[in-house]
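Engineer: Structure below; questions to follow.
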Amino acid sequence: MKALIVGGSGAIGLAVIKQLLQLKPHTHIYATYFRHQPDYQHPQLHWHALDITIEADIAKLAAQLTQLDVLINTAGMLHTADHLPEKSIQQFDVDFFQTNIQTNTIPTLLLAKHFMASLKTSPRSYFVTVSAKVGSIEDNKLGGWISYRSSKAALNMAIKTISIEWQTKLPFCCVVAFHPGTTDSALSQPFQRNVASHKLFTTQYTAQCLLNILSALTPKNSGQFLSYSGDTIAW
Ligand SMILES: NC(=O)c1ccc[n+]([C@@H]2O[C@H](COP(=O)([O-])OP(=O)(O)OC[C@H]3O[C@@H](n4cnc5c(N)ncnc54)[C@H](OP(=O)(O)O)[C@@H]3O)[C@@H](O)[C@H]2O)c1
């Protein structure tokens with residue numbers, strides 16, 4: 001099996017790599033990092049530098065990885081050095097909104113565009129993106145975080161749309177969005193004090209949930225938004 005983990009340097013991404021190597025030791029894993037290559041090495045693991053906002057770099061990587069069974073995009077952002085997510089529309093900032101869209105939405109579209117051919121060669125493939133429940137329009141009862149929410153809602157629409165197109169073009173591929181739950185990482189760190197300790201997951205737990213869910217999915221599940229619990233979330 002060949003798997004590409006985009007955002008392998010992130011907390012959830014690295015945990016997915018480690019779990020996958022434990023569960024399926026013969027898997028060849030190609031993993032991407034952006035700013036820092038993690039220290040973690042394994043004979044079956046191949047690191048690639050990738051800025052997911054640059055289409056030419058994604059295309060170049062796809063030209064190298066012409067056969068894949070699994071692609072999981074775990075890259076994303078919620079805050080930057082200058083900006084926390086908005087509490088009010090008065091804090092809306094065009095650059096911050098665009099950074100959210102560039103990092104959380106567009107990369108999955110580019111990955112689908114450039115890796116479609118690689119995923120087509122497998123008799124059973126998976127195209128998974130880590131989204132967030134706050135991107136569910138139906139579930140939005142609290143408001144706030146308008147840039148992040150919008151970028152994940154647009155990501156969800158992208159996943160749903162790709163899943164429909166691939167029903168005929170890649171009928172053996174399962175395309176899903178995954179909600180990891182609040183997971184201990186640099187991304188969630190500024191918001192962890194409001195989270196009950198039993199609801200703050202370790203990256204190992206989240207990775208285990210994701211891989212357990214994937215192992216039970218078939219192309220019939222394509223087009224779903226799945227929670228770490230295995231339940232579906234309304235788009
Ligand atoms: N943690 C949570 O509670 C939580 C909850 C809901 C959803 N999520 C989603 O889960 C995903 C993973 O989050 P995490 O908690 O693991 O966060 P994280 O530890 O901060 O990891 C983020 C990852 O995204 C990568 N990245 C950011 N900008 C990039 C770019 N321009 N090009 C390439 N890679 C880029 C980072 O690369 P470098 O580290 O190399 O810079 C890192 O690998 C995100 O999509 C997030 O929205 C997380």
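In the structure tokens, the first chain shown is A, the next is B, and so on; residue numbers restart at 1 for each chain, and ligands run from 1 in the order shown.
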List as a VMD selection string the protein and nucleic acid residues near segment 114-121 of chain A, meaning an atom at most 7 Å away when only C-alpha atoms are counted, but skip any in the same chain fewer than 5 places from it.
Structural biologist: chain A and resid 59 62 65 to 69 170
Engineer: Taking only C-alpha atoms and all ligand atoms and a cut-off of 8 Å, can you tell me which residues surround ligand 1, written as a short mmCIF file (atom, residue, chain, number, x, y, z; two decimals) with N, CA, C and O atoms, in the first residue's frame?
Structural biologist:
data_model
loop_
_atom_site.label_atom_id
_atom_site.label_comp_id
_atom_site.auth_asym_id
_atom_site.auth_seq_id
_atom_site.Cartn_x
_atom_site.Cartn_y
_atom_site.Cartn_z
N VAL A 6 -0.33 14.49 3.72
CA VAL A 6 0.01 15.92 3.54
C VAL A 6 -0.14 16.59 4.91
O VAL A 6 -1.13 16.38 5.61
N GLY A 7 0.87 17.38 5.28
CA GLY A 7 0.87 17.96 6.64
C GLY A 7 1.39 16.96 7.66
O GLY A 7 0.98 16.96 8.81
N GLY A 8 2.33 16.12 7.22
CA GLY A 8 2.89 15.08 8.10
C GLY A 8 3.70 15.65 9.25
O GLY A 8 4.00 14.94 10.21
N SER A 9 4.04 16.92 9.16
CA SER A 9 4.79 17.57 10.24
C SER A 9 3.86 18.12 11.32
O SER A 9 4.32 18.57 12.36
N GLY A 10 2.56 18.08 11.07
CA GLY A 10 1.60 18.59 12.05
C GLY A 10 1.34 17.53 13.12
O GLY A 10 1.71 16.36 12.97
N ALA A 11 0.69 17.96 14.19
CA ALA A 11 0.46 17.05 15.32
C ALA A 11 -0.37 15.84 14.89
O ALA A 11 0.00 14.69 15.14
N ILE A 12 -1.49 16.10 14.21
CA ILE A 12 -2.36 14.98 13.80
C ILE A 12 -1.69 14.19 12.68
O ILE A 12 -1.67 12.96 12.69
N GLY A 13 -1.08 14.89 11.73
CA GLY A 13 -0.43 14.22 10.60
C GLY A 13 0.65 13.25 11.04
O GLY A 13 0.71 12.09 10.58
N LEU A 14 1.52 13.68 11.96
CA LEU A 14 2.62 12.81 12.41
C LEU A 14 2.08 11.60 13.17
O LEU A 14 2.58 10.48 13.03
N THR A 32 4.50 14.99 3.80
CA THR A 32 5.01 16.34 3.50
C THR A 32 5.13 17.17 4.78
O THR A 32 4.38 16.97 5.74
N TYR A 33 6.10 18.05 4.75
CA TYR A 33 6.26 19.05 5.81
C TYR A 33 6.39 20.40 5.13
O TYR A 33 6.68 20.48 3.94
N PHE A 34 6.18 21.45 5.91
CA PHE A 34 6.24 22.80 5.34
C PHE A 34 7.46 23.53 5.90
O PHE A 34 8.47 23.68 5.23
N ARG A 35 7.39 23.94 7.17
CA ARG A 35 8.50 24.72 7.74
C ARG A 35 9.63 23.86 8.28
O ARG A 35 10.79 24.17 8.07
N HIS A 36 9.27 22.77 9.01
CA HIS A 36 10.34 21.97 9.64
C HIS A 36 10.09 20.50 9.36
O HIS A 36 8.99 20.00 9.63
N GLN A 37 11.14 19.82 8.91
CA GLN A 37 11.02 18.36 8.75
C GLN A 37 11.13 17.72 10.13
O GLN A 37 12.10 17.95 10.86
N LEU A 50 6.85 20.58 1.07
CA LEU A 50 5.75 21.03 0.21
C LEU A 50 5.04 22.22 0.84
O LEU A 50 4.62 22.17 1.99
N ASP A 51 4.91 23.27 0.04
CA ASP A 51 4.02 24.37 0.43
C ASP A 51 2.71 24.12 -0.29
O ASP A 51 2.63 24.21 -1.53
N ILE A 52 1.67 23.80 0.47
CA ILE A 52 0.41 23.39 -0.15
C ILE A 52 -0.33 24.54 -0.82
O ILE A 52 -1.36 24.33 -1.44
N THR A 53 0.20 25.74 -0.70
CA THR A 53 -0.47 26.87 -1.37
C THR A 53 0.09 27.09 -2.78
O THR A 53 -0.38 27.96 -3.50
N ASN A 73 -5.11 14.57 3.68
CA ASN A 73 -4.63 15.94 3.87
C ASN A 73 -4.92 16.38 5.31
O ASN A 73 -6.07 16.60 5.67
N THR A 74 -3.86 16.47 6.11
CA THR A 74 -4.02 16.88 7.51
C THR A 74 -3.51 18.31 7.74
O THR A 74 -3.44 18.76 8.88
N ALA A 75 -3.13 19.00 6.67
CA ALA A 75 -2.59 20.37 6.84
C ALA A 75 -3.73 21.36 7.04
O ALA A 75 -4.85 21.16 6.56
N GLY A 76 -3.44 22.43 7.73
CA GLY A 76 -4.45 23.47 7.94
C GLY A 76 -3.97 24.50 8.93
O GLY A 76 -2.89 24.36 9.52
N MET A 77 -4.75 25.56 9.10
CA MET A 77 -4.42 26.60 10.07
C MET A 77 -5.70 27.16 10.70
O MET A 77 -6.78 27.07 10.12
N LEU A 78 -5.55 27.72 11.90
CA LEU A 78 -6.67 28.36 12.59
C LEU A 78 -6.29 29.77 13.00
O LEU A 78 -7.13 30.67 13.01
N GLN A 102 -6.65 29.99 1.53
CA GLN A 102 -5.46 29.45 0.85
C GLN A 102 -4.92 28.19 1.53
O GLN A 102 -4.40 27.31 0.88
N THR A 103 -5.05 28.13 2.85
CA THR A 103 -4.45 27.01 3.59
C THR A 103 -5.45 25.88 3.84
O THR A 103 -5.07 24.71 3.83
N ASN A 104 -6.71 26.23 4.08
CA ASN A 104 -7.68 25.21 4.49
C ASN A 104 -8.56 24.70 3.35
O ASN A 104 -9.12 23.62 3.46
N THR A 129 -9.78 14.39 3.71
CA THR A 129 -9.26 15.66 4.18
C THR A 129 -9.74 15.89 5.60
O THR A 129 -10.87 15.53 5.95
N VAL A 130 -8.83 16.44 6.42
CA VAL A 130 -9.22 16.75 7.79
C VAL A 130 -9.90 18.11 7.77
O VAL A 130 -9.28 19.13 7.45
N SER A 131 -11.19 18.09 8.07
CA SER A 131 -11.97 19.32 8.09
C SER A 131 -12.20 19.70 9.56
O SER A 131 -11.31 19.48 10.39
N ALA A 132 -13.33 20.26 9.89
CA ALA A 132 -13.66 20.60 11.28
C ALA A 132 -15.17 20.76 11.36
O ALA A 132 -15.79 21.29 10.43
N LYS A 133 -15.74 20.31 12.48
CA LYS A 133 -17.20 20.39 12.66
C LYS A 133 -17.68 21.84 12.60
O LYS A 133 -18.81 22.09 12.18
N VAL A 134 -16.82 22.78 12.98
CA VAL A 134 -17.26 24.18 12.91
C VAL A 134 -17.49 24.63 11.45
O VAL A 134 -18.06 25.70 11.23
N LYS A 152 -13.58 26.11 6.09
CA LYS A 152 -13.89 24.68 6.25
C LYS A 152 -15.24 24.35 5.60
O LYS A 152 -15.42 23.25 5.07
N HIS A 179 -13.73 14.97 10.83
CA HIS A 179 -13.63 15.91 11.97
C HIS A 179 -12.88 15.21 13.10
O HIS A 179 -13.37 14.19 13.62
N PRO A 180 -11.73 15.77 13.51
CA PRO A 180 -10.92 15.05 14.50
C PRO A 180 -11.34 15.25 15.96
O PRO A 180 -10.79 14.59 16.83
N GLY A 181 -12.25 16.17 16.24
CA GLY A 181 -12.49 16.52 17.64
C GLY A 181 -11.35 17.41 18.11
O GLY A 181 -10.32 17.53 17.44
N THR A 182 -11.51 18.04 19.26
CA THR A 182 -10.44 18.92 19.73
C THR A 182 -9.26 18.07 20.16
O THR A 182 -9.37 17.21 21.03
N THR A 183 -8.16 18.30 19.48
CA THR A 183 -6.97 17.45 19.64
C THR A 183 -5.80 18.33 20.07
O THR A 183 -5.64 19.46 19.57
N ASP A 184 -5.02 17.81 20.99
CA ASP A 184 -3.92 18.58 21.57
C ASP A 184 -2.85 18.87 20.50
O ASP A 184 -2.15 17.96 20.06
N SER A 185 -2.77 20.13 20.08
CA SER A 185 -1.80 20.52 19.06
C SER A 185 -1.55 22.02 19.16
O SER A 185 -2.27 22.72 19.88
N ALA A 186 -0.57 22.50 18.41
CA ALA A 186 -0.30 23.94 18.40
C ALA A 186 -1.52 24.71 17.89
O ALA A 186 -1.81 25.83 18.33
N LEU A 187 -2.25 24.09 16.98
CA LEU A 187 -3.44 24.74 16.40
C LEU A 187 -4.53 24.98 17.45
O LEU A 187 -5.14 26.05 17.49
N SER A 188 -4.76 23.99 18.32
CA SER A 188 -5.85 24.13 19.30
C SER A 188 -5.37 24.75 20.61
O SER A 188 -6.19 25.14 21.44
N GLN A 189 -4.05 24.86 20.78
CA GLN A 189 -3.48 25.26 22.08
C GLN A 189 -4.11 26.52 22.69
O GLN A 189 -4.49 26.51 23.87
N LEU A 200 -10.48 16.71 25.28
CA LEU A 200 -9.25 17.11 24.59
C LEU A 200 -8.47 15.84 24.27
O LEU A 200 -7.91 15.20 25.16
N PHE A 201 -8.46 15.48 23.01
CA PHE A 201 -7.90 14.19 22.63
C PHE A 201 -6.39 14.27 22.43
O PHE A 201 -5.86 15.30 21.99
N THR A 203 -3.14 13.17 20.21
CA THR A 203 -3.02 12.97 18.76
C THR A 203 -3.08 11.47 18.42
O THR A 203 -3.60 11.09 17.38
#
Engineer: How close does each residue of segment 109-202 of chain A get to segment 214-221 of chain A, giving the shortest atom pair and distance in Å to one decimal for every residue with an atom at most 6 Å away, counting only C-alpha atoms, sorted by chain and residue number, as a Markdown table?
Structural biologist:
| residue | atom | partner | partner_atom | distance |
| --- | --- | --- | --- | --- |
| A:Phe172 | CA | A:Pro219 | CA | 5.8 |
| A:Cys173 | CA | A:Pro219 | CA | 5.5 |
| A:Cys174 | CA | A:Pro219 | CA | 4.3 |
Engineer: For Asp231 of chain A, list every protein, DNA or RNA residue within 10 Å, evaluated using only C-alpha atoms, and leave out those in the same chain fewer than 5 positions away; present the list as a short mmCIF file (atom, residue, chain, number, x, y, z; two decimals) with N, CA and C atoms, in the first residue's frame.
Structural biologist:
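What follows is the written file part_15.cif:
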data_model
loop_
_atom_site.label_atom_id
_atom_site.label_comp_id
_atom_site.auth_asym_id
_atom_site.auth_seq_id
_atom_site.Cartn_x
_atom_site.Cartn_y
_atom_site.Cartn_z
N HIS A 179 -13.73 14.97 10.83
CA HIS A 179 -13.63 15.91 11.97
C HIS A 179 -12.88 15.21 13.10
N ILE A 213 -11.79 4.27 11.36
CA ILE A 213 -12.93 4.63 10.49
C ILE A 213 -12.59 4.30 9.04
N GLN A 224 -19.24 11.55 2.49
CA GLN A 224 -19.70 11.77 3.87
C GLN A 224 -18.73 12.67 4.64
N PHE A 225 -19.28 13.29 5.67
CA PHE A 225 -18.51 14.11 6.61
C PHE A 225 -18.56 13.32 7.93
N LEU A 226 -17.43 12.76 8.31
CA LEU A 226 -17.40 11.81 9.42
C LEU A 226 -16.68 12.37 10.64
#
Engineer: Taking the DSSP assignment computed from this structure's backbone, write out as a ChimeraX atom specification all residues of segment 101-203 of chain A that belong to alpha helix (DSSP H).
Structural biologist: /A:106-120,146-169,203
Engineer: Can you tell me which residues surround Arg149 of chain A at a distance of at most 12 Å, considering only C-alpha atoms, apart from same-chain residues fewer than 6 positions away, and format the answer as a list in words?
Structural biologist: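 Non-adjacent residues within range: Met77, Leu78, Pro85, Glu86, Lys87, Phe97, Asn100, Ile101, Asn104, Thr105, Ser131, Ala132, Lys133, Val134, Gly135, Ser136, Ile137, Glu138, Asp139, Asn140, Lys141, Leu142, Gly143, Leu155 and Asn156 of chain A.
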Engineer: So the first atom is atom CA of Ala207 of chain A and the second is atom CA of Ala112 of chain A; what is the distance between them in Å, to one decimal place?
Structural biologist: 22.0 Å
Engineer: Between A:Ala63, A:Val128, A:Val94, A:Ile58, which has the minimum distance to Lys160 of chain A (counting only C-alpha atoms)?
Structural biologist: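 That would be A:Val128, the residue with the smallest distance to Lys160 of chain A.
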Engineer: Check segment 34-225 of chain A with DSSP on the backbone and list each residue it calls strand (DSSP E), as a PyMOL selection string.
Structural biologist: chain A and resi 45-49+70-73+125-130+173-179+224-225
Engineer: Of the candidates A:His198, A:Lys113, A:Lys2, A:His26, which one gets nearest to Glu55 of chain A if we count only C-alpha atoms?
Structural biologist: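 Under the stated criterion, the closest residue is A:Lys113.
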Engineer: Compare A:Thr168, A:Gln64, A:Gln41, A:Ser147 by their minimum atom-to-atom distance to Ile89 of chain A, counting only C-alpha atoms, and give me the closest one.
Structural biologist: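 Closest to Ile89 of chain A, using only C-alpha atoms: A:Ser147.
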